[in-house]
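Engineer: Pasting protein00.csv below, which is CSV, C-alpha atoms.
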chain,number,residue,atom,x,y,z
R,1,MET,CA,67.7,-12.0,20.4
R,2,ALA,CA,66.7,-13.2,17.0
R,3,TRP,CA,65.1,-10.8,14.5
R,4,PHE,CA,62.8,-11.9,11.8
R,5,LYS,CA,61.7,-10.1,8.7
R,6,ARG,CA,58.8,-11.0,6.5
R,7,SER,CA,59.7,-11.9,3.0
R,8,LYS,CA,56.7,-10.0,1.8
R,9,ASP,CA,53.9,-7.9,3.2
R,10,ASN,CA,51.1,-9.8,4.8
R,11,ILE,CA,48.6,-7.7,2.9
R,12,SER,CA,49.5,-6.6,-0.6
R,13,PRO,CA,49.5,-2.8,-0.9
R,14,ASP,CA,47.9,-3.3,-4.3
R,15,THR,CA,44.8,-4.8,-2.7
R,16,GLN,CA,42.0,-2.3,-2.7
R,17,LYS,CA,38.8,-2.3,-0.7
R,18,LYS,CA,35.9,-3.5,-2.9
R,19,ASP,CA,33.2,-0.9,-3.0
R,20,ILE,CA,29.7,-2.1,-2.1
R,21,PRO,CA,27.1,-0.6,-4.4
R,22,ASP,CA,24.5,1.6,-2.8
R,23,GLY,CA,21.3,-0.2,-2.1
R,24,THR,CA,22.8,-3.6,-1.6
R,25,TRP,CA,21.8,-3.7,2.1
R,26,ILE,CA,18.4,-3.0,3.8
R,27,LYS,CA,18.1,-2.2,7.5
R,28,CYS,CA,14.9,-3.1,9.4
R,29,PRO,CA,13.5,-0.1,11.2
R,30,GLU,CA,12.1,-2.4,13.9
R,31,CYS,CA,14.9,-4.6,15.0
R,32,ASN,CA,17.9,-3.1,13.0
R,33,GLU,CA,18.6,-6.3,11.2
R,34,MET,CA,20.8,-5.9,8.1
R,35,MET,CA,19.7,-7.8,5.0
R,36,PHE,CA,20.9,-8.2,1.5
R,37,LYS,CA,18.4,-6.4,-0.7
R,38,THR,CA,17.9,-9.5,-2.9
R,39,VAL,CA,17.2,-11.7,0.1
R,40,TRP,CA,14.7,-9.0,1.4
R,41,GLU,CA,12.9,-8.9,-1.9
R,42,ALA,CA,12.7,-12.7,-2.1
R,43,ASN,CA,11.2,-12.6,1.4
R,44,TYR,CA,8.2,-10.6,0.2
R,45,TYR,CA,9.8,-7.3,1.5
R,46,LEU,CA,9.7,-8.6,5.0
R,47,CYS,CA,12.4,-8.5,7.7
R,48,THR,CA,14.1,-11.9,7.7
R,49,LYS,CA,14.4,-11.7,11.5
R,50,CYS,CA,11.2,-10.0,12.9
R,51,SER,CA,8.9,-10.2,9.8
R,52,HIS,CA,8.4,-6.4,9.9
R,53,HIS,CA,6.3,-5.5,6.8
R,54,PHE,CA,8.0,-2.8,4.9
R,55,ARG,CA,5.8,-0.4,3.0
R,56,ILE,CA,5.8,-1.3,-0.7
R,57,GLY,CA,4.1,0.1,-3.8
R,58,SER,CA,1.5,-1.2,-6.3
R,59,GLU,CA,4.1,-2.7,-8.6
R,60,GLU,CA,5.4,-5.0,-5.8
R,61,TYR,CA,1.8,-5.9,-4.6
R,62,PHE,CA,0.8,-6.9,-8.1
R,63,LYS,CA,3.8,-9.1,-8.5
R,64,ILE,CA,3.1,-10.8,-5.1
R,65,LEU,CA,-0.7,-11.3,-5.5
R,66,LEU,CA,-1.3,-11.7,-9.3
R,67,ASP,CA,-0.4,-14.6,-11.6
R,68,ALA,CA,2.6,-13.8,-13.8
R,69,ASP,CA,1.8,-11.5,-16.8
R,70,SER,CA,-1.9,-11.4,-15.9
R,71,PHE,CA,-2.2,-7.8,-14.9
R,72,ARG,CA,-3.8,-5.4,-17.4
R,73,GLU,CA,-3.8,-1.8,-16.3
R,74,THR,CA,-6.7,0.6,-16.9
R,75,GLU,CA,-6.9,4.4,-16.9
R,76,LYS,CA,-3.2,4.5,-16.6
R,77,LYS,CA,-2.6,8.1,-17.5
R,78,LEU,CA,-5.6,9.7,-15.7
R,79,ARG,CA,-4.1,12.6,-13.8
R,80,SER,CA,-5.3,15.4,-11.5
R,81,VAL,CA,-5.8,19.0,-12.5
R,82,ASP,CA,-5.4,22.1,-10.3
R,83,PRO,CA,-9.0,23.4,-9.9
R,84,LEU,CA,-8.1,25.7,-6.9
R,85,ASN,CA,-4.8,27.0,-8.2
R,86,PHE,CA,-3.5,25.7,-4.9
R,87,GLU,CA,0.0,26.6,-3.7
R,88,ASP,CA,1.8,25.7,-0.4
R,89,THR,CA,5.6,25.3,-0.6
R,90,LYS,CA,5.1,25.0,-4.4
R,91,PRO,CA,2.2,25.2,-6.8
R,92,TYR,CA,0.1,22.0,-6.8
R,93,LYS,CA,0.4,21.6,-10.6
R,94,ASN,CA,4.2,21.6,-10.2
R,95,ARG,CA,3.9,19.1,-7.3
R,96,ILE,CA,1.9,16.8,-9.5
R,97,ALA,CA,4.4,17.1,-12.4
R,98,ASP,CA,7.4,16.5,-10.1
R,99,THR,CA,5.8,13.5,-8.4
R,100,ILE,CA,4.9,11.9,-11.7
R,101,LYS,CA,8.5,12.3,-12.8
R,102,SER,CA,10.0,10.9,-9.6
R,103,THR,CA,7.6,8.0,-9.2
R,104,GLU,CA,6.7,7.2,-12.8
R,105,LEU,CA,3.1,7.0,-11.6
R,106,TYR,CA,0.3,9.3,-12.6
R,107,ASP,CA,-1.6,9.3,-9.3
R,108,ALA,CA,-1.9,7.5,-6.0
R,109,VAL,CA,-3.8,4.5,-7.2
R,110,ARG,CA,-3.4,2.0,-10.1
R,111,THR,CA,-6.3,-0.1,-11.3
R,112,GLY,CA,-6.8,-3.0,-13.7
R,113,THR,CA,-7.7,-6.6,-14.0
R,114,GLY,CA,-5.7,-9.8,-13.3
R,115,LYS,CA,-5.8,-13.3,-12.0
R,116,ILE,CA,-5.1,-14.8,-8.6
R,117,ASN,CA,-4.4,-18.5,-9.0
R,118,SER,CA,-6.5,-18.4,-12.2
R,119,ILE,CA,-9.4,-16.5,-10.6
R,120,ASP,CA,-10.3,-13.3,-12.5
R,121,VAL,CA,-10.3,-10.2,-10.4
R,122,VAL,CA,-10.6,-6.4,-10.7
R,123,ILE,CA,-7.9,-4.9,-8.6
R,124,ALA,CA,-6.8,-1.5,-7.3
R,125,CYS,CA,-3.7,-0.7,-5.3
R,126,MET,CA,-2.7,2.6,-3.7
R,127,ASP,CA,0.9,4.0,-3.8
R,128,PHE,CA,1.9,5.9,-0.6
R,129,GLY,CA,4.9,7.3,-2.5
R,130,PHE,CA,2.6,9.5,-4.6
R,131,ILE,CA,1.9,12.5,-2.3
R,132,GLY,CA,1.4,10.2,0.7
R,133,GLY,CA,-1.2,8.0,-1.0
R,134,SER,CA,-3.6,10.9,-0.7
R,135,MET,CA,-7.1,10.6,-2.1
R,136,GLY,CA,-8.0,13.2,-4.7
R,137,SER,CA,-10.3,13.3,-7.6
R,138,VAL,CA,-8.3,10.8,-9.7
R,139,VAL,CA,-8.2,8.2,-6.9
R,140,GLY,CA,-12.0,8.5,-6.5
R,141,GLU,CA,-12.6,8.3,-10.2
R,142,LYS,CA,-10.3,5.3,-10.8
R,143,ILE,CA,-11.8,3.4,-7.9
R,144,SER,CA,-15.3,4.2,-9.2
R,145,ARG,CA,-14.5,2.9,-12.6
R,146,ALA,CA,-12.9,-0.2,-11.1
R,147,VAL,CA,-16.2,-0.8,-9.3
R,148,ASP,CA,-18.1,-0.3,-12.6
R,149,ARG,CA,-15.8,-2.8,-14.2
R,150,ALA,CA,-16.4,-5.4,-11.5
R,151,ILE,CA,-20.2,-4.9,-11.8
R,152,LYS,CA,-20.1,-5.4,-15.6
R,153,SER,CA,-17.7,-8.4,-15.5
R,154,LYS,CA,-18.9,-9.9,-12.2
R,155,PHE,CA,-15.3,-10.3,-11.2
R,156,PRO,CA,-14.5,-9.9,-7.5
R,157,LEU,CA,-13.1,-6.5,-6.5
R,158,ILE,CA,-9.9,-6.2,-4.5
R,159,ILE,CA,-8.6,-2.8,-3.2
R,160,ILE,CA,-5.2,-2.5,-1.4
R,161,SER,CA,-5.1,0.6,0.7
R,162,SER,CA,-2.1,2.7,1.7
R,163,SER,CA,-3.1,6.3,2.3
R,164,GLY,CA,-2.4,9.3,4.4
R,165,GLY,CA,-5.9,10.7,3.8
R,166,ALA,CA,-7.7,13.1,1.6
R,167,ARG,CA,-5.7,15.5,-0.6
R,168,MET,CA,-6.0,19.0,0.8
R,169,MET,CA,-4.8,20.6,-2.4
R,170,GLU,CA,-8.2,19.7,-4.0
R,171,GLY,CA,-10.3,20.8,-1.1
R,172,ALA,CA,-14.0,19.8,-1.1
R,173,ILE,CA,-13.4,17.9,-4.4
R,174,SER,CA,-11.2,15.5,-2.5
R,175,LEU,CA,-13.8,15.1,0.2
R,176,MET,CA,-16.5,14.3,-2.3
R,177,GLN,CA,-14.6,11.1,-3.2
R,178,LEU,CA,-15.7,9.6,0.1
R,179,ALA,CA,-19.3,9.7,-0.9
R,180,LYS,CA,-18.6,8.8,-4.5
R,181,THR,CA,-16.7,5.6,-3.8
R,182,SER,CA,-19.0,4.6,-0.9
R,183,SER,CA,-22.1,4.9,-3.1
R,184,LYS,CA,-20.4,2.9,-5.9
R,185,LEU,CA,-19.6,0.2,-3.4
R,186,ALA,CA,-23.2,0.1,-2.2
R,187,LYS,CA,-24.2,-0.6,-5.8
R,188,LEU,CA,-21.6,-3.3,-6.0
R,189,SER,CA,-23.1,-4.9,-2.9
R,190,GLU,CA,-26.6,-4.8,-4.5
R,191,GLU,CA,-25.2,-6.6,-7.5
R,192,LYS,CA,-23.8,-9.4,-5.2
R,193,VAL,CA,-20.2,-8.9,-6.4
R,194,PRO,CA,-17.6,-9.7,-3.7
R,195,TYR,CA,-15.3,-6.9,-2.5
R,196,ILE,CA,-12.2,-7.6,-0.4
R,197,SER,CA,-10.4,-4.7,1.2
R,198,ILE,CA,-6.7,-5.2,2.1
R,199,LEU,CA,-5.4,-2.7,4.7
R,200,THR,CA,-1.7,-1.9,4.8
R,201,ASN,CA,0.5,0.5,6.8
R,202,PRO,CA,-0.8,3.2,6.9
R,203,THR,CA,-4.5,3.3,6.0
R,204,THR,CA,-5.8,6.6,7.4
R,205,GLY,CA,-8.1,9.6,6.8
R,206,GLY,CA,-10.6,9.7,4.0
R,207,SER,CA,-9.7,6.2,2.7
R,208,THR,CA,-10.5,4.7,6.1
R,209,ALA,CA,-13.7,6.7,6.3
R,210,SER,CA,-14.9,5.3,2.9
R,211,PHE,CA,-13.9,2.5,0.7
R,212,SER,CA,-11.1,0.9,2.8
R,213,MET,CA,-13.5,-0.2,5.6
R,214,LEU,CA,-16.4,-1.2,3.4
R,215,GLY,CA,-15.2,-4.6,2.2
R,216,ASP,CA,-17.3,-7.8,2.5
R,217,LEU,CA,-14.0,-8.9,4.2
R,218,ASN,CA,-11.5,-6.5,5.6
R,219,ILE,CA,-8.0,-8.0,5.8
R,220,ALA,CA,-5.0,-6.3,7.3
R,221,GLU,CA,-1.3,-6.8,7.3
R,222,PRO,CA,0.4,-7.3,10.7
R,223,LYS,CA,0.8,-4.1,12.8
R,224,ALA,CA,-0.7,-1.9,10.1
R,225,LEU,CA,-1.7,1.5,11.3
R,226,ILE,CA,-5.4,1.8,10.5
R,227,ALA,CA,-7.2,5.0,11.7
R,228,PHE,CA,-9.2,8.0,10.7
R,229,ALA,CA,-7.0,10.5,12.6
R,230,GLY,CA,-3.5,9.6,13.8
R,231,PRO,CA,-2.7,8.8,17.5
R,232,ARG,CA,-1.3,12.3,18.2
R,233,VAL,CA,-4.4,14.0,16.9
R,234,VAL,CA,-6.7,11.7,18.9
R,235,LYS,CA,-4.8,12.3,22.1
R,236,GLN,CA,-4.9,16.0,21.6
R,237,ALA,CA,-8.7,15.9,20.9
R,238,THR,CA,-9.6,13.6,23.9
R,239,GLY,CA,-6.9,14.6,26.3
R,240,LYS,CA,-6.4,11.0,27.3
R,241,ASP,CA,-3.6,8.5,26.9
R,242,LEU,CA,-4.4,5.9,24.4
R,243,PRO,CA,-4.4,2.1,25.0
R,244,PRO,CA,-1.2,0.2,24.0
R,245,GLY,CA,-1.3,-0.7,20.3
R,246,PHE,CA,-4.3,1.6,19.7
R,247,GLN,CA,-5.1,1.8,16.0
R,248,ARG,CA,-2.9,-1.1,15.0
R,249,ALA,CA,-4.3,-4.1,13.2
R,250,GLU,CA,-4.2,-6.4,16.2
R,251,PHE,CA,-6.2,-3.9,18.3
R,252,LEU,CA,-8.8,-3.5,15.6
R,253,LEU,CA,-9.1,-7.3,15.1
R,254,GLU,CA,-9.7,-7.7,18.8
R,255,HIS,CA,-12.4,-5.1,18.7
R,256,GLY,CA,-14.2,-6.4,15.6
R,257,PHE,CA,-13.2,-3.8,13.0
R,258,ILE,CA,-11.4,-6.2,10.7
R,259,ASP,CA,-11.8,-9.8,9.9
R,260,PHE,CA,-8.3,-11.2,9.4
R,261,ILE,CA,-4.7,-10.3,9.9
R,262,VAL,CA,-2.6,-12.1,7.2
R,263,ASN,CA,1.1,-12.2,6.7
R,264,ARG,CA,2.1,-10.9,3.3
R,265,LYS,CA,3.7,-14.2,2.4
R,266,ASP,CA,0.3,-15.9,2.9
R,267,MET,CA,-1.9,-13.2,1.3
R,268,LYS,CA,-2.2,-14.8,-2.1
R,269,ASP,CA,-3.2,-18.2,-0.7
R,270,LYS,CA,-5.6,-16.6,1.7
R,271,LEU,CA,-7.3,-14.6,-1.1
R,272,THR,CA,-7.5,-17.7,-3.2
R,273,GLN,CA,-9.2,-19.6,-0.3
R,274,VAL,CA,-11.6,-16.8,0.4
R,275,LEU,CA,-12.5,-16.2,-3.3
R,276,LYS,CA,-13.2,-19.9,-3.9
R,277,LEU,CA,-15.5,-20.0,-0.9
R,278,ILE,CA,-17.3,-16.9,-1.9
R,279,LEU,CA,-17.7,-17.7,-5.6
R,280,ASN,CA,-18.9,-21.2,-4.9
What would the structure in this file look like if it were written as structure tokens?

Structural biologist:
Amino acid sequence: MAWFKRSKDNISPDTQKKDIPDGTWIKCPECNEMMFKTVWEANYYLCTKCSHHFRIGSEEYFKILLDADSFRETEKKLRSVDPLNFEDTKPYKNRIADTIKSTELYDAVRTGTGKINSIDVVIACMDFGFIGGSMGSVVGEKISRAVDRAIKSKFPLIIISSSGGARMMEGAISLMQLAKTSSKLAKLSEEKVPYISILTNPTTGGSTASFSMLGDLNIAEPKALIAFAGPRVVKQATGKDLPPGFQRAEFLLEHGFIDFIVNRKDMKDKLTQVLKLILN
């Protein structure tokens, strides 16, 4: 029997496994597709296989919807106080400070002006990453000031919602923002200034009960959860099983609660089309 011996190792012992940096890959929670982060970002933060719309923040939405370098932020450093000296697992004032540090945001909404394909707009976008996109006094105040700015400039108003509801740490002050923003939008309507509401996943609670559903046009992203109370709470209250897809954008469109469902890739073009029709 012949014996053979390799003249050298097939794989050099000096060859080391290349480390893949953290955050290089993104996994889709719907279909488990693995994507390079750069590919995912270039695809508007959508799954390349099933088009699942990942939750994103205001910075990403402004880049997607607004013309380059056109965004001018307003009331950037407006921040909540602690009128009730509220404390749950930590004091509310500490929670605010910690969230500002971790997110580099000052509250759950950013407002300003910008251009969508050269059309001037006043825009507000919520950030779910800031205490669940909860609506407190600052959210109500910043949206109210955005409405005032739209009335003064006659620029269309666009609000992108992503919210878990009213902020319990501010109690009744938080609930007052529902009436505050709704009354401001009624004035905007009287002034014949267009308002487009964009509903993302999730849009729930006080936001849904006020400004989020008061648009001249209400546009949702695919499969967005849009509700006042979540499915579990509704089932507990009614004692009944809910219809399939209940509270998702497709169900709401079928029942007349929203006007369009628009893929995030197409949102800027759809807004441009709608704004031109309205303004003309």

Engineer: Find the residues with any atom within 12 Å of (-21.0, -5.7, -3.5); use all atoms listed in the file and the coordinates as given in the file, and write the answer as a PyMOL selection string.

Structural biologist: chain R and resi 147-148+150-151+154-158+182-197+211+214-217+278

Engineer: For the residues in that selection, give me C-alpha atoms as a compact mmCIF listing (two decimals), in the coordinates of the input.

Structural biologist:
# COMPACT_ATOMS: atom_id res chain seq x y z
CA VAL R 147 -16.20 -0.80 -9.30
CA ASP R 148 -18.10 -0.30 -12.60
CA ALA R 150 -16.40 -5.40 -11.50
CA ILE R 151 -20.20 -4.90 -11.80
CA LYS R 154 -18.90 -9.90 -12.20
CA PHE R 155 -15.30 -10.30 -11.20
CA PRO R 156 -14.50 -9.90 -7.50
CA LEU R 157 -13.10 -6.50 -6.50
CA ILE R 158 -9.90 -6.20 -4.50
CA SER R 182 -19.00 4.60 -0.90
CA SER R 183 -22.10 4.90 -3.10
CA LYS R 184 -20.40 2.90 -5.90
CA LEU R 185 -19.60 0.20 -3.40
CA ALA R 186 -23.20 0.10 -2.20
CA LYS R 187 -24.20 -0.60 -5.80
CA LEU R 188 -21.60 -3.30 -6.00
CA SER R 189 -23.10 -4.90 -2.90
CA GLU R 190 -26.60 -4.80 -4.50
CA GLU R 191 -25.20 -6.60 -7.50
CA LYS R 192 -23.80 -9.40 -5.20
CA VAL R 193 -20.20 -8.90 -6.40
CA PRO R 194 -17.60 -9.70 -3.70
CA TYR R 195 -15.30 -6.90 -2.50
CA ILE R 196 -12.20 -7.60 -0.40
CA SER R 197 -10.40 -4.70 1.20
CA PHE R 211 -13.90 2.50 0.70
CA LEU R 214 -16.40 -1.20 3.40
CA GLY R 215 -15.20 -4.60 2.20
CA ASP R 216 -17.30 -7.80 2.50
CA LEU R 217 -14.00 -8.90 4.20
CA ILE R 278 -17.30 -16.90 -1.90

Engineer: Please determine, counting only C-alpha atoms, which residue among R:Gly206, R:Ile116, R:Leu225, R:Leu78 has the shortest atom-to-atom distance to Leu271 (chain R).

Structural biologist: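 Under the stated criterion, the closest residue is R:Ile116.
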
Engineer: Quick one: residues within 8 Å of Ile123 (chain R), only C-alpha atoms counted, chain neighbours fewer than 5 positions away excluded, as an mmCIF file with C-alpha atoms, keeping the file's coordinate frame?

Structural biologist:
data_model
loop_
_atom_site.group_PDB
_atom_site.id
_atom_site.type_symbol
_atom_site.label_atom_id
_atom_site.label_comp_id
_atom_site.auth_asym_id
_atom_site.auth_seq_id
_atom_site.Cartn_x
_atom_site.Cartn_y
_atom_site.Cartn_z
ATOM 1 C CA THR R 111 -6.300 -0.100 -11.300
ATOM 2 C CA GLY R 112 -6.800 -3.000 -13.700
ATOM 3 C CA THR R 113 -7.700 -6.600 -14.000
ATOM 4 C CA GLY R 114 -5.700 -9.800 -13.300
ATOM 5 C CA ALA R 146 -12.900 -0.200 -11.100
ATOM 6 C CA LEU R 157 -13.100 -6.500 -6.500
ATOM 7 C CA ILE R 158 -9.900 -6.200 -4.500
ATOM 8 C CA ILE R 159 -8.600 -2.800 -3.200
#

Engineer: I want to know what sits within 12 Å of Glu33 (chain R), based on all atoms listed in the file, with residues of the same chain fewer than 6 positions away left out; could you give that as a PyMOL selection string?

Structural biologist: chain R and resi 25-27+40+46-52

Engineer: Please produce a file of those selected residues containing C-alpha atoms, as a PDB file, in the coordinates of the input.

Structural biologist:
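Once written, again26.pdb looks like this:
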ATOM      1  CA  TRP R  25      21.800  -3.700   2.100  1.00  0.00           C
ATOM      2  CA  ILE R  26      18.400  -3.000   3.800  1.00  0.00           C
ATOM      3  CA  LYS R  27      18.100  -2.200   7.500  1.00  0.00           C
ATOM      4  CA  TRP R  40      14.700  -9.000   1.400  1.00  0.00           C
ATOM      5  CA  LEU R  46       9.700  -8.600   5.000  1.00  0.00           C
ATOM      6  CA  CYS R  47      12.400  -8.500   7.700  1.00  0.00           C
ATOM      7  CA  THR R  48      14.100 -11.900   7.700  1.00  0.00           C
ATOM      8  CA  LYS R  49      14.400 -11.700  11.500  1.00  0.00           C
ATOM      9  CA  CYS R  50      11.200 -10.000  12.900  1.00  0.00           C
ATOM     10  CA  SER R  51       8.900 -10.200   9.800  1.00  0.00           C
ATOM     11  CA  HIS R  52       8.400  -6.400   9.900  1.00  0.00           C
TER      12      HIS R  52
END

Engineer: When you look at region 230-246 of chain R with a cut-off of 12 Å (counting all atoms listed in the file), what residues show up, excluding the ones that are within fewer than 2 positions of it in the same chain? I need them as an NGL selection string.

Structural biologist: :R and (163-165 or 202-205 or 208 or 222-228 or 248-255)

Engineer: Would you save the residues of that selection, restricted to C-alpha atoms, as a compact mmCIF listing (two decimals), keeping the file's coordinate frame?

Structural biologist:
# COMPACT_ATOMS: atom_id res chain seq x y z
CA SER R 163 -3.10 6.30 2.30
CA GLY R 164 -2.40 9.30 4.40
CA GLY R 165 -5.90 10.70 3.80
CA PRO R 202 -0.80 3.20 6.90
CA THR R 203 -4.50 3.30 6.00
CA THR R 204 -5.80 6.60 7.40
CA GLY R 205 -8.10 9.60 6.80
CA THR R 208 -10.50 4.70 6.10
CA PRO R 222 0.40 -7.30 10.70
CA LYS R 223 0.80 -4.10 12.80
CA ALA R 224 -0.70 -1.90 10.10
CA LEU R 225 -1.70 1.50 11.30
CA ILE R 226 -5.40 1.80 10.50
CA ALA R 227 -7.20 5.00 11.70
CA PHE R 228 -9.20 8.00 10.70
CA ARG R 248 -2.90 -1.10 15.00
CA ALA R 249 -4.30 -4.10 13.20
CA GLU R 250 -4.20 -6.40 16.20
CA PHE R 251 -6.20 -3.90 18.30
CA LEU R 252 -8.80 -3.50 15.60
CA LEU R 253 -9.10 -7.30 15.10
CA GLU R 254 -9.70 -7.70 18.80
CA HIS R 255 -12.40 -5.10 18.70

Engineer: Ranking R:Arg95, R:Arg79, R:Arg72, R:Arg55 by minimum distance to Val109 (chain R) and counting only C-alpha atoms, which one comes first?

Structural biologist: R:Arg79

Engineer: Expressed in Å to a single decimal, how great is the separation between CA of Lys142 (chain R) and CA of Thr181 (chain R)?

Structural biologist: 9.5 Å

Engineer: Could you tell me how far CA of Ser137 (chain R) lies from CA of Glu60 (chain R), in Å and to one decimal?

Structural biologist: 24.2 Å

Engineer: Counting all atoms listed in the file, write as a short mmCIF file (atom, residue, chain, number, x, y, z; two decimals) with C-alpha atoms, in the coordinates of the input all protein and nucleic acid residues lying at most 12 Å from (2.6, -6.7, -7.3) in the file's frame.

Structural biologist:
data_model
loop_
_atom_site.label_atom_id
_atom_site.label_comp_id
_atom_site.auth_asym_id
_atom_site.auth_seq_id
_atom_site.Cartn_x
_atom_site.Cartn_y
_atom_site.Cartn_z
CA GLU R 41 12.90 -8.90 -1.90
CA TYR R 44 8.20 -10.60 0.20
CA TYR R 45 9.80 -7.30 1.50
CA ILE R 56 5.80 -1.30 -0.70
CA GLY R 57 4.10 0.10 -3.80
CA SER R 58 1.50 -1.20 -6.30
CA GLU R 59 4.10 -2.70 -8.60
CA GLU R 60 5.40 -5.00 -5.80
CA TYR R 61 1.80 -5.90 -4.60
CA PHE R 62 0.80 -6.90 -8.10
CA LYS R 63 3.80 -9.10 -8.50
CA ILE R 64 3.10 -10.80 -5.10
CA LEU R 65 -0.70 -11.30 -5.50
CA LEU R 66 -1.30 -11.70 -9.30
CA ASP R 67 -0.40 -14.60 -11.60
CA ALA R 68 2.60 -13.80 -13.80
CA ASP R 69 1.80 -11.50 -16.80
CA SER R 70 -1.90 -11.40 -15.90
CA PHE R 71 -2.20 -7.80 -14.90
CA ARG R 110 -3.40 2.00 -10.10
CA THR R 111 -6.30 -0.10 -11.30
CA GLY R 112 -6.80 -3.00 -13.70
CA GLY R 114 -5.70 -9.80 -13.30
CA LYS R 115 -5.80 -13.30 -12.00
CA ILE R 116 -5.10 -14.80 -8.60
CA ILE R 123 -7.90 -4.90 -8.60
CA ALA R 124 -6.80 -1.50 -7.30
CA CYS R 125 -3.70 -0.70 -5.30
CA MET R 126 -2.70 2.60 -3.70
CA ASP R 127 0.90 4.00 -3.80
CA ILE R 160 -5.20 -2.50 -1.40
CA ARG R 264 2.10 -10.90 3.30
CA MET R 267 -1.90 -13.20 1.30
CA LYS R 268 -2.20 -14.80 -2.10
#

Engineer: May I ask which of the residues R:Glu141, R:Glu30, R:Asp269, R:Asp259 is the closest one to Leu199 (chain R), counting all atoms listed in the file?

Structural biologist: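 Nearest candidate to Leu199 (chain R) out of R:Glu141, R:Glu30, R:Asp269, R:Asp259: R:Asp259.
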
Engineer: Could you check how far CA of Asn201 (chain R) sits from CA of His53 (chain R), in Å to one decimal?

Structural biologist: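 One can read the CA of Asn201 (chain R) to CA of His53 (chain R) distance as 8.3 Å.
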
Engineer: Calculated over only C-alpha atoms, which of the candidates R:Lys152, R:Arg145, R:Lys90, R:Arg167 has the smallest distance to Gly132 (chain R)?

Structural biologist: R:Arg167

Engineer: Excluding same-chain residues fewer than 4 positions from Val139 (chain R), what lies within 9 Å of it counting all atoms listed in the file, as number ranges by chain?

Structural biologist: R: 107-110, 126, 134-135, 143-144, 177
